[in-house]
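Structure, as structure tokens:
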Amino acid sequence: MPLFFLSYSHVPVHRAGRSPDFDRLVFRFFEDLCGHLAAAGGPEGNAAGFVERPGTPAEETLRALADCRVFVPLYAKRYFTDPKCGRHWTAATTGPADTRPAVVPVLWTPYPPAALPRAAQYDLPAMPGDGDEAEEEYAATGLHQMLQLGEELGDGRAGDRAGRITAWLARRVLYAAATVPAPPGDRHVPGPLTALDNAFTAPLPAPPTLRITVLAPTEEQLPIGRDESRYGPAAEDWRPYGPALGPLADQVRALSRNLGFTPDLVAFDKPRAELRGTAVPDAPWVLVVDPWALENPRVADQVREFDAVRRPWTAVLSVLPEDDPQTKERSERLTRLLHTCFPRFLREGRAGEQNAVRGLPDADVFALWFSELAESARMRYLRYIHSQLSAGGDGTGDRTEGRP
């Protein structure tokens, strides 16, 4: 009875050419994961895990799916287009809730959360939370490239980072296994595997909503002496990167749609009121700030309140255009305002998140970080929702996204 089942997309022989070991990094990861499980006090040998190798009998795969306590899928574009992986998913997630294995996904190659099929929407690859270079590389490139750099190119540092991520994943597998009951002896997967539905062919869900607030003064609210050429009658008319690029609100709408979101631009007061309550949020939220707005004491107080209750599904970007003479002249003052109003986001965020709060100098950099933070806010939002559902609302019993 294996503790975990490793599900991956096989590379067909006709695509692998003369390289029958095209999937060898999968098997290398499997062996490393089993080794780290044993080192952490888990089972060894066949009791540690199962991976389907070329020539494995179909009934053996079905038995392992029925007996495992943790299902470990390797997320990649190929994985979600492989019918066999979709059937693995169906086999692992079908049946009474108290007999299903926990799901601990691995980010094998980068895959945007917004593109996940409906069946996997709430099972996102977690990150260690250490904020070190191993985590940053894992989030950016996936484990496959880390292993490839370490093994094929002899990059010792990449190999060490891959080892740290694998050790962390082993601890997650052990933790997840401890939170689910052992499968009953009579649990079975209706076979053969080819008769099961492909979980990934369900109709695509509607694009997820991304809530966005543009916090900027209107022409009438500008601080005394502030040039009004980049502002308009409404906050959404703000053009921080110059008239040629148009309102930033239009840019974030377009970026959101390109990322697979439905953008929902709202005033600051609406979602701010939700933060005071206990209701589950409707969507992740990105706040885009003009530091000049913080010259208003009332707005600054509201922003500090927002920062004090920092929620996992929120992200902040501010804008300090390098081609704006007044902003350059007052940059020290505006930077102090940002530090005063967003101490938690600056203290607790990762390096990139902190840079986004401190102010982005041009439209290209803004687009890059808006895309990055929108995706990460979406992932954290789904993890939060999943933890609430798993815990019955108190957020303490997430069995698949818990950390050791």
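By order in the structure tokens, chains are A, B, ...; within a chain, residues start at 1; ligands start at 1, following the order shown.
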Pick out the residues sitting within 10 Å of Ala58 of chain A, and hand them over as a short mmCIF file (atom, residue, chain, number, x, y, z; two decimals) with all heavy atoms, in the first residue's frame; count only C-alpha atoms, and ignore anything fewer than 2 positions along from it in its own chain.
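Result saved to result_15.cif:
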data_model
loop_
_atom_site.label_atom_id
_atom_site.label_comp_id
_atom_site.auth_asym_id
_atom_site.auth_seq_id
_atom_site.Cartn_x
_atom_site.Cartn_y
_atom_site.Cartn_z
N GLU A 52 3.99 5.02 -12.13
CA GLU A 52 3.80 4.10 -13.25
C GLU A 52 4.97 4.23 -14.21
O GLU A 52 5.21 5.29 -14.79
CB GLU A 52 2.49 4.43 -13.98
CG GLU A 52 2.15 3.43 -15.06
CD GLU A 52 0.82 3.75 -15.72
OE1 GLU A 52 0.76 4.80 -16.39
OE2 GLU A 52 -0.14 2.98 -15.57
N GLY A 55 5.55 -0.29 -19.06
CA GLY A 55 5.32 -1.71 -18.87
C GLY A 55 4.60 -2.08 -17.58
O GLY A 55 4.33 -3.26 -17.35
N THR A 56 4.29 -1.11 -16.73
CA THR A 56 3.56 -1.42 -15.49
C THR A 56 2.18 -1.94 -15.83
O THR A 56 1.44 -1.30 -16.61
CB THR A 56 3.43 -0.15 -14.61
OG1 THR A 56 4.73 0.33 -14.26
CG2 THR A 56 2.65 -0.46 -13.35
N GLU A 60 -2.06 -2.95 -11.62
CA GLU A 60 -1.18 -2.47 -10.56
C GLU A 60 -1.36 -0.97 -10.33
O GLU A 60 -1.36 -0.49 -9.19
CB GLU A 60 0.28 -2.78 -10.92
CG GLU A 60 1.27 -2.58 -9.79
CD GLU A 60 2.67 -3.03 -10.16
OE1 GLU A 60 2.80 -3.99 -10.95
OE2 GLU A 60 3.63 -2.42 -9.64
N THR A 61 -1.52 -0.23 -11.43
CA THR A 61 -1.78 1.20 -11.32
C THR A 61 -3.11 1.46 -10.61
O THR A 61 -3.21 2.32 -9.73
CB THR A 61 -1.79 1.85 -12.71
OG1 THR A 61 -0.52 1.68 -13.32
CG2 THR A 61 -2.11 3.33 -12.63
N LEU A 62 -4.15 0.71 -10.99
CA LEU A 62 -5.46 0.87 -10.35
C LEU A 62 -5.40 0.56 -8.86
O LEU A 62 -5.99 1.26 -8.04
CB LEU A 62 -6.49 -0.03 -11.03
CG LEU A 62 -6.98 0.41 -12.40
CD1 LEU A 62 -7.87 -0.67 -13.01
CD2 LEU A 62 -7.76 1.72 -12.29
N ARG A 63 -4.67 -0.47 -8.50
CA ARG A 63 -4.56 -0.85 -7.09
C ARG A 63 -3.86 0.26 -6.30
O ARG A 63 -4.26 0.60 -5.18
CB ARG A 63 -3.77 -2.15 -6.97
CG ARG A 63 -3.67 -2.74 -5.58
CD ARG A 63 -5.01 -3.29 -5.13
NE ARG A 63 -5.72 -2.36 -4.28
CZ ARG A 63 -7.02 -2.44 -4.00
NH1 ARG A 63 -7.74 -3.39 -4.53
NH2 ARG A 63 -7.59 -1.58 -3.20
N GLY A 191 -12.64 -0.11 -12.77
CA GLY A 191 -11.72 -0.26 -13.90
C GLY A 191 -12.45 -0.76 -15.12
O GLY A 191 -13.61 -1.14 -15.06
N PRO A 192 -11.79 -0.83 -16.25
CA PRO A 192 -10.40 -0.39 -16.43
C PRO A 192 -10.27 1.13 -16.44
O PRO A 192 -11.28 1.84 -16.53
CB PRO A 192 -10.04 -0.99 -17.79
CG PRO A 192 -11.34 -0.99 -18.54
CD PRO A 192 -12.38 -1.34 -17.51
N LEU A 193 -9.04 1.63 -16.36
CA LEU A 193 -8.81 3.07 -16.31
C LEU A 193 -9.40 3.76 -17.54
O LEU A 193 -9.92 4.88 -17.44
CB LEU A 193 -7.30 3.34 -16.22
CG LEU A 193 -6.87 4.75 -15.81
CD1 LEU A 193 -7.33 5.07 -14.40
CD2 LEU A 193 -5.37 4.94 -15.95
N THR A 194 -9.34 3.09 -18.68
CA THR A 194 -9.83 3.71 -19.92
C THR A 194 -11.33 3.95 -19.89
O THR A 194 -11.86 4.71 -20.69
CB THR A 194 -9.48 2.84 -21.13
OG1 THR A 194 -9.95 1.50 -20.89
CG2 THR A 194 -7.98 2.81 -21.37
#
Residues at most 10 Å from Val299 of chain A, counting only C-alpha atoms, excluding those fewer than 3 positions away in the same chain, as a list in words?
Leu215, Ala216, Pro217, Phe268, Ala293, Leu294, Glu295, Asn296, Gln302, Val303, Arg304, Glu305 and Cys341 of chain A
Include N, CA, C and O atoms and write out the residues we just selected as a CSV table (one decimal), in the first residue's frame.
chain,number,residue,atom,x,y,z
A,215,LEU,N,-6.7,53.9,-6.8
A,215,LEU,CA,-6.8,54.9,-5.7
A,215,LEU,C,-6.0,56.1,-6.2
A,215,LEU,O,-4.8,56.1,-6.0
A,216,ALA,N,-6.6,57.1,-6.8
A,216,ALA,CA,-5.9,58.3,-7.3
A,216,ALA,C,-6.9,59.5,-7.1
A,216,ALA,O,-8.1,59.3,-7.1
A,217,PRO,N,-6.3,60.6,-6.9
A,217,PRO,CA,-7.2,61.8,-6.8
A,217,PRO,C,-7.9,62.1,-8.2
A,217,PRO,O,-7.4,61.8,-9.2
A,268,PHE,N,-12.8,52.2,-3.7
A,268,PHE,CA,-12.0,51.7,-2.5
A,268,PHE,C,-12.9,51.3,-1.3
A,268,PHE,O,-12.7,50.4,-0.6
A,293,ALA,N,-2.3,60.5,-3.7
A,293,ALA,CA,-3.5,60.4,-3.0
A,293,ALA,C,-3.4,60.4,-1.5
A,293,ALA,O,-4.3,60.7,-0.7
A,294,LEU,N,-2.2,59.9,-1.0
A,294,LEU,CA,-1.9,59.7,0.4
A,294,LEU,C,-1.6,61.0,1.1
A,294,LEU,O,-1.5,61.1,2.3
A,295,GLU,N,-1.5,62.1,0.3
A,295,GLU,CA,-1.4,63.4,0.9
A,295,GLU,C,-2.7,63.8,1.6
A,295,GLU,O,-2.7,64.7,2.5
A,296,ASN,N,-3.8,63.2,1.3
A,296,ASN,CA,-5.1,63.5,1.9
A,296,ASN,C,-5.1,62.6,3.2
A,296,ASN,O,-5.0,61.4,3.2
A,302,GLN,N,-7.5,55.6,5.8
A,302,GLN,CA,-8.2,54.4,5.3
A,302,GLN,C,-7.2,53.4,4.8
A,302,GLN,O,-7.4,52.2,4.9
A,303,VAL,N,-6.1,53.8,4.1
A,303,VAL,CA,-5.1,52.9,3.6
A,303,VAL,C,-4.4,52.2,4.7
A,303,VAL,O,-4.1,51.0,4.7
A,304,ARG,N,-4.1,52.9,5.8
A,304,ARG,CA,-3.4,52.3,7.0
A,304,ARG,C,-4.3,51.2,7.6
A,304,ARG,O,-3.9,50.2,8.0
A,305,GLU,N,-5.6,51.5,7.6
A,305,GLU,CA,-6.6,50.5,8.1
A,305,GLU,C,-6.6,49.2,7.2
A,305,GLU,O,-6.6,48.1,7.7
A,341,CYS,N,2.1,54.3,5.2
A,341,CYS,CA,0.7,53.7,5.0
A,341,CYS,C,0.7,52.2,4.8
A,341,CYS,O,-0.4,51.6,5.0
When you draw a straight line from atom CA of Met127 of chain A to atom CA of Leu259 of chain A, how long is it in Å?
20.8 Å
Check the DSSP output for the backbone and give back, as a ChimeraX atom specification, the residues of segment 28-183 of chain A in alpha helix (DSSP H).
/A:28-39,58-67,83-93,133-141,143-152,156-178
When you count only C-alpha atoms, which of these residues is closest to Gly95 of chain A: A:Ala367, A:Pro233, A:Pro183, A:Arg298?
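For Gly95 of chain A, the nearest of the given residues is A:Pro183.
Nearest residue to Leu245 of chain A among A:Val26, A:Thr93, A:Asp364, A:Leu149 is A:Asp364, counting only C-alpha atoms.
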Selection: 10 Å around Ala235 of chain A, only C-alpha atoms, excl. self and same-chain fewer than 2 positions, as an mmCIF file with all heavy atoms, in the first residue's frame:
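Heads up, here's the output in selection-v6.cif:
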data_model
loop_
_atom_site.group_PDB
_atom_site.id
_atom_site.type_symbol
_atom_site.label_atom_id
_atom_site.label_comp_id
_atom_site.auth_asym_id
_atom_site.auth_seq_id
_atom_site.Cartn_x
_atom_site.Cartn_y
_atom_site.Cartn_z
ATOM 1 N N THR A 213 -8.952 48.158 -7.676
ATOM 2 C CA THR A 213 -9.253 49.521 -7.247
ATOM 3 C C THR A 213 -8.109 50.431 -7.662
ATOM 4 O O THR A 213 -6.947 50.130 -7.387
ATOM 5 C CB THR A 213 -9.446 49.600 -5.724
ATOM 6 O OG1 THR A 213 -10.604 48.851 -5.361
ATOM 7 C CG2 THR A 213 -9.630 51.043 -5.274
ATOM 8 N N VAL A 214 -8.452 51.513 -8.332
ATOM 9 C CA VAL A 214 -7.480 52.547 -8.664
ATOM 10 C C VAL A 214 -7.689 53.685 -7.672
ATOM 11 O O VAL A 214 -8.724 54.360 -7.697
ATOM 12 C CB VAL A 214 -7.654 53.042 -10.116
ATOM 13 C CG1 VAL A 214 -6.721 54.221 -10.393
ATOM 14 C CG2 VAL A 214 -7.384 51.904 -11.093
ATOM 15 N N LEU A 215 -6.722 53.870 -6.790
ATOM 16 C CA LEU A 215 -6.823 54.882 -5.744
ATOM 17 C C LEU A 215 -5.972 56.080 -6.154
ATOM 18 O O LEU A 215 -4.758 56.111 -5.956
ATOM 19 C CB LEU A 215 -6.361 54.316 -4.403
ATOM 20 C CG LEU A 215 -6.557 55.222 -3.181
ATOM 21 C CD1 LEU A 215 -8.030 55.548 -2.965
ATOM 22 C CD2 LEU A 215 -5.970 54.575 -1.941
ATOM 23 N N ALA A 216 -6.636 57.063 -6.770
ATOM 24 C CA ALA A 216 -5.944 58.256 -7.252
ATOM 25 C C ALA A 216 -6.874 59.450 -7.082
ATOM 26 O O ALA A 216 -8.109 59.302 -7.092
ATOM 27 C CB ALA A 216 -5.551 58.094 -8.719
ATOM 28 N N PRO A 217 -6.323 60.636 -6.943
ATOM 29 C CA PRO A 217 -7.180 61.817 -6.830
ATOM 30 C C PRO A 217 -7.856 62.147 -8.156
ATOM 31 O O PRO A 217 -7.360 61.794 -9.231
ATOM 32 C CB PRO A 217 -6.197 62.935 -6.429
ATOM 33 C CG PRO A 217 -4.905 62.253 -6.111
ATOM 34 C CD PRO A 217 -4.906 60.958 -6.850
ATOM 35 N N THR A 218 -8.969 62.831 -8.068
ATOM 36 C CA THR A 218 -9.560 63.446 -9.249
ATOM 37 C C THR A 218 -8.947 64.834 -9.420
ATOM 38 O O THR A 218 -8.164 65.292 -8.580
ATOM 39 C CB THR A 218 -11.078 63.573 -9.094
ATOM 40 O OG1 THR A 218 -11.359 64.496 -8.025
ATOM 41 C CG2 THR A 218 -11.705 62.224 -8.756
ATOM 42 N N GLU A 219 -9.308 65.491 -10.506
ATOM 43 C CA GLU A 219 -8.799 66.854 -10.726
ATOM 44 C C GLU A 219 -9.119 67.772 -9.548
ATOM 45 O O GLU A 219 -8.307 68.631 -9.176
ATOM 46 C CB GLU A 219 -9.405 67.438 -12.005
ATOM 47 C CG GLU A 219 -8.933 66.790 -13.288
ATOM 48 C CD GLU A 219 -9.707 67.279 -14.491
ATOM 49 O OE1 GLU A 219 -10.891 67.666 -14.332
ATOM 50 O OE2 GLU A 219 -9.130 67.274 -15.596
ATOM 51 N N GLN A 221 -9.493 66.926 -6.424
ATOM 52 C CA GLN A 221 -8.946 66.482 -5.141
ATOM 53 C C GLN A 221 -7.427 66.594 -5.065
ATOM 54 O O GLN A 221 -6.825 66.186 -4.071
ATOM 55 C CB GLN A 221 -9.347 65.018 -4.898
ATOM 56 C CG GLN A 221 -10.840 64.779 -4.815
ATOM 57 C CD GLN A 221 -11.192 63.306 -4.871
ATOM 58 O OE1 GLN A 221 -10.440 62.494 -5.411
ATOM 59 N NE2 GLN A 221 -12.341 62.955 -4.314
ATOM 60 N N TYR A 231 -4.505 63.749 -14.715
ATOM 61 C CA TYR A 231 -5.714 63.390 -13.967
ATOM 62 C C TYR A 231 -6.949 63.798 -14.759
ATOM 63 O O TYR A 231 -6.863 64.424 -15.821
ATOM 64 C CB TYR A 231 -5.689 64.063 -12.593
ATOM 65 C CG TYR A 231 -4.528 63.622 -11.745
ATOM 66 C CD1 TYR A 231 -3.285 64.264 -11.825
ATOM 67 C CD2 TYR A 231 -4.645 62.532 -10.887
ATOM 68 C CE1 TYR A 231 -2.203 63.837 -11.074
ATOM 69 C CE2 TYR A 231 -3.559 62.098 -10.117
ATOM 70 C CZ TYR A 231 -2.344 62.758 -10.226
ATOM 71 O OH TYR A 231 -1.276 62.334 -9.474
ATOM 72 N N GLY A 232 -8.115 63.396 -14.239
ATOM 73 C CA GLY A 232 -9.360 63.717 -14.901
ATOM 74 C C GLY A 232 -10.492 63.820 -13.905
ATOM 75 O O GLY A 232 -10.273 63.835 -12.684
ATOM 76 N N PRO A 233 -11.745 63.841 -14.382
ATOM 77 C CA PRO A 233 -12.896 64.002 -13.484
ATOM 78 C C PRO A 233 -13.094 62.832 -12.534
ATOM 79 O O PRO A 233 -13.717 62.983 -11.479
ATOM 80 C CB PRO A 233 -14.079 64.119 -14.459
ATOM 81 C CG PRO A 233 -13.480 64.511 -15.763
ATOM 82 C CD PRO A 233 -12.130 63.878 -15.808
ATOM 83 N N ASP A 237 -9.616 58.062 -14.549
ATOM 84 C CA ASP A 237 -9.027 58.846 -15.634
ATOM 85 C C ASP A 237 -7.536 59.091 -15.428
ATOM 86 O O ASP A 237 -6.881 59.676 -16.302
ATOM 87 C CB ASP A 237 -9.740 60.205 -15.744
ATOM 88 C CG ASP A 237 -11.200 60.055 -16.123
ATOM 89 O OD1 ASP A 237 -11.502 59.207 -16.977
ATOM 90 O OD2 ASP A 237 -12.043 60.772 -15.538
ATOM 91 N N TRP A 238 -7.004 58.658 -14.317
ATOM 92 C CA TRP A 238 -5.586 58.884 -13.976
ATOM 93 C C TRP A 238 -4.677 58.259 -15.032
ATOM 94 O O TRP A 238 -4.826 57.095 -15.398
ATOM 95 C CB TRP A 238 -5.342 58.265 -12.603
ATOM 96 C CG TRP A 238 -3.942 58.305 -12.081
ATOM 97 C CD1 TRP A 238 -3.056 59.335 -12.150
ATOM 98 C CD2 TRP A 238 -3.284 57.246 -11.373
ATOM 99 N NE1 TRP A 238 -1.873 58.996 -11.528
ATOM 100 C CE2 TRP A 238 -1.986 57.713 -11.041
ATOM 101 C CE3 TRP A 238 -3.646 55.959 -10.973
ATOM 102 C CZ2 TRP A 238 -1.065 56.935 -10.341
ATOM 103 C CZ3 TRP A 238 -2.749 55.184 -10.279
ATOM 104 C CH2 TRP A 238 -1.466 55.678 -9.965
ATOM 105 N N ARG A 239 -3.720 59.067 -15.526
ATOM 106 C CA ARG A 239 -2.800 58.628 -16.581
ATOM 107 C C ARG A 239 -1.366 58.821 -16.076
ATOM 108 O O ARG A 239 -0.650 59.740 -16.538
ATOM 109 C CB ARG A 239 -3.035 59.439 -17.864
ATOM 110 C CG ARG A 239 -4.459 59.346 -18.396
ATOM 111 C CD ARG A 239 -4.708 60.262 -19.585
ATOM 112 N NE ARG A 239 -4.540 61.670 -19.243
ATOM 113 C CZ ARG A 239 -5.453 62.431 -18.635
ATOM 114 N NH1 ARG A 239 -6.632 61.903 -18.303
ATOM 115 N NH2 ARG A 239 -5.211 63.694 -18.367
ATOM 116 N N PRO A 247 -5.540 56.126 -19.774
ATOM 117 C CA PRO A 247 -5.791 55.859 -18.359
ATOM 118 C C PRO A 247 -5.230 54.503 -17.917
ATOM 119 O O PRO A 247 -5.336 53.507 -18.651
ATOM 120 C CB PRO A 247 -7.322 55.888 -18.258
ATOM 121 C CG PRO A 247 -7.768 56.705 -19.419
ATOM 122 C CD PRO A 247 -6.786 56.404 -20.514
ATOM 123 N N LEU A 248 -4.674 54.479 -16.716
ATOM 124 C CA LEU A 248 -4.150 53.220 -16.183
ATOM 125 C C LEU A 248 -5.271 52.201 -15.987
ATOM 126 O O LEU A 248 -5.043 50.994 -16.096
ATOM 127 C CB LEU A 248 -3.430 53.481 -14.848
ATOM 128 C CG LEU A 248 -2.591 52.322 -14.303
ATOM 129 C CD1 LEU A 248 -1.442 52.010 -15.245
ATOM 130 C CD2 LEU A 248 -2.060 52.648 -12.918
ATOM 131 N N ALA A 249 -6.472 52.667 -15.706
ATOM 132 C CA ALA A 249 -7.605 51.750 -15.526
ATOM 133 C C ALA A 249 -7.839 50.925 -16.793
ATOM 134 O O ALA A 249 -8.135 49.726 -16.714
ATOM 135 C CB ALA A 249 -8.865 52.536 -15.170
ATOM 136 N N ALA A 267 -14.726 51.036 -6.409
ATOM 137 C CA ALA A 267 -14.223 52.094 -5.550
ATOM 138 C C ALA A 267 -13.608 51.484 -4.295
ATOM 139 O O ALA A 267 -13.934 50.365 -3.903
ATOM 140 C CB ALA A 267 -15.354 53.052 -5.182
ATOM 141 N N ASP A 290 -1.865 55.778 -6.342
ATOM 142 C CA ASP A 290 -1.087 56.973 -6.643
ATOM 143 C C ASP A 290 -0.631 57.554 -5.306
ATOM 144 O O ASP A 290 -1.459 57.982 -4.489
ATOM 145 C CB ASP A 290 -1.965 57.987 -7.380
ATOM 146 C CG ASP A 290 -1.231 59.294 -7.682
ATOM 147 O OD1 ASP A 290 -0.012 59.374 -7.396
ATOM 148 O OD2 ASP A 290 -1.882 60.232 -8.185
#
From segment 85-307 of chain A, collect each residue whose DSSP state is strand (DSSP E or B) and return the set as a list in words.
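Here are the strand (DSSP E or B) residues of segment 85-307 of chain A: Ala102, Val103, Val106, Leu107, Thr209, Leu210, Arg211, Ile212, Thr213, Val214, Leu215, Thr262, Pro263, Asp264, Leu265, Trp285, Val286, Leu287, Val288 and Val289 of chain A.
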Same residues, N, CA and C atoms, saved as a short mmCIF file (atom, residue, chain, number, x, y, z; two decimals), in the first residue's frame:
data_model
loop_
_atom_site.label_atom_id
_atom_site.label_comp_id
_atom_site.auth_asym_id
_atom_site.auth_seq_id
_atom_site.Cartn_x
_atom_site.Cartn_y
_atom_site.Cartn_z
N ALA A 102 -5.54 12.77 -0.02
CA ALA A 102 -5.23 14.20 -0.08
C ALA A 102 -4.51 14.49 -1.40
N VAL A 103 -4.60 15.71 -1.85
CA VAL A 103 -3.95 16.12 -3.10
C VAL A 103 -2.83 17.10 -2.77
N VAL A 106 2.47 19.34 -7.42
CA VAL A 106 3.85 19.81 -7.61
C VAL A 106 3.87 20.67 -8.87
N LEU A 107 4.48 21.85 -8.77
CA LEU A 107 4.63 22.70 -9.95
C LEU A 107 5.80 22.17 -10.77
N THR A 209 -13.10 36.33 -11.55
CA THR A 209 -13.12 37.78 -11.38
C THR A 209 -11.87 38.26 -10.67
N LEU A 210 -11.34 39.37 -11.11
CA LEU A 210 -10.26 40.06 -10.41
C LEU A 210 -10.77 41.45 -10.06
N ARG A 211 -10.86 41.70 -8.77
CA ARG A 211 -11.33 43.01 -8.31
C ARG A 211 -10.14 43.97 -8.29
N ILE A 212 -10.33 45.15 -8.84
CA ILE A 212 -9.25 46.14 -8.96
C ILE A 212 -9.76 47.49 -8.47
N THR A 213 -8.95 48.16 -7.68
CA THR A 213 -9.25 49.52 -7.25
C THR A 213 -8.11 50.43 -7.66
N VAL A 214 -8.45 51.51 -8.33
CA VAL A 214 -7.48 52.55 -8.66
C VAL A 214 -7.69 53.68 -7.67
N LEU A 215 -6.72 53.87 -6.79
CA LEU A 215 -6.82 54.88 -5.74
C LEU A 215 -5.97 56.08 -6.15
N THR A 262 -11.86 38.25 -15.45
CA THR A 262 -12.86 39.27 -15.73
C THR A 262 -12.60 40.43 -14.78
N PRO A 263 -12.12 41.56 -15.27
CA PRO A 263 -11.80 42.67 -14.36
C PRO A 263 -13.06 43.34 -13.82
N ASP A 264 -13.02 43.68 -12.55
CA ASP A 264 -14.14 44.37 -11.90
C ASP A 264 -13.56 45.56 -11.15
N LEU A 265 -13.62 46.75 -11.76
CA LEU A 265 -13.08 47.94 -11.12
C LEU A 265 -14.09 48.51 -10.13
N TRP A 285 -8.16 40.78 -4.84
CA TRP A 285 -8.26 42.23 -4.97
C TRP A 285 -6.88 42.83 -5.13
N VAL A 286 -6.72 43.66 -6.17
CA VAL A 286 -5.47 44.37 -6.41
C VAL A 286 -5.73 45.87 -6.25
N LEU A 287 -4.97 46.50 -5.38
CA LEU A 287 -5.09 47.94 -5.13
C LEU A 287 -3.94 48.65 -5.83
N VAL A 288 -4.26 49.58 -6.73
CA VAL A 288 -3.27 50.37 -7.46
C VAL A 288 -3.31 51.79 -6.91
N VAL A 289 -2.18 52.27 -6.40
CA VAL A 289 -2.16 53.51 -5.63
C VAL A 289 -1.31 54.59 -6.29
#
List the spatial neighbours of Tyr8 of chain A as a ChimeraX atom specification - criterion: any atom at most 9 Å away, only C-alpha atoms, same-chain residues fewer than 5 positions off excluded.
/A:26,51-52,72-76,78-79,85
I need the chosen residues saved as a JSON list (two decimals), in the first residue's frame, with N, CA and C atoms.
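Resulting contents of selection18.json:
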[["chain", "number", "residue", "atom", "x", "y", "z"],
["A", 26, "VAL", "N", 11.29, 12.61, -14.06],
["A", 26, "VAL", "CA", 10.14, 12.23, -13.23],
["A", 26, "VAL", "C", 10.55, 11.13, -12.26],
["A", 51, "VAL", "N", 4.90, 5.00, -8.79],
["A", 51, "VAL", "CA", 4.92, 5.74, -10.05],
["A", 51, "VAL", "C", 4.80, 4.72, -11.17],
["A", 52, "GLU", "N", 3.99, 5.02, -12.13],
["A", 52, "GLU", "CA", 3.80, 4.10, -13.25],
["A", 52, "GLU", "C", 4.97, 4.23, -14.21],
["A", 72, "VAL", "N", -0.22, 12.83, -5.83],
["A", 72, "VAL", "CA", 0.78, 13.87, -6.13],
["A", 72, "VAL", "C", 0.85, 14.07, -7.65],
["A", 73, "PRO", "N", 0.09, 15.02, -8.19],
["A", 73, "PRO", "CA", 0.15, 15.29, -9.63],
["A", 73, "PRO", "C", 1.26, 16.29, -9.96],
["A", 74, "LEU", "N", 1.92, 16.09, -11.10],
["A", 74, "LEU", "CA", 2.96, 17.00, -11.56],
["A", 74, "LEU", "C", 2.33, 17.98, -12.55],
["A", 75, "TYR", "N", 2.02, 19.18, -12.08],
["A", 75, "TYR", "CA", 1.32, 20.16, -12.89],
["A", 75, "TYR", "C", 2.21, 20.68, -14.03],
["A", 76, "ALA", "N", 1.67, 20.60, -15.24],
["A", 76, "ALA", "CA", 2.33, 21.10, -16.44],
["A", 76, "ALA", "C", 1.25, 21.21, -17.51],
["A", 78, "ARG", "N", 1.18, 19.87, -20.37],
["A", 78, "ARG", "CA", 0.91, 18.54, -20.91],
["A", 78, "ARG", "C", 0.02, 17.72, -19.98],
["A", 79, "TYR", "N", 0.19, 17.92, -18.67],
["A", 79, "TYR", "CA", -0.58, 17.13, -17.70],
["A", 79, "TYR", "C", -2.08, 17.31, -17.91],
["A", 85, "CYS", "N", -4.00, 11.31, -17.49],
["A", 85, "CYS", "CA", -3.88, 12.06, -16.24],
["A", 85, "CYS", "C", -5.26, 12.49, -15.75]]
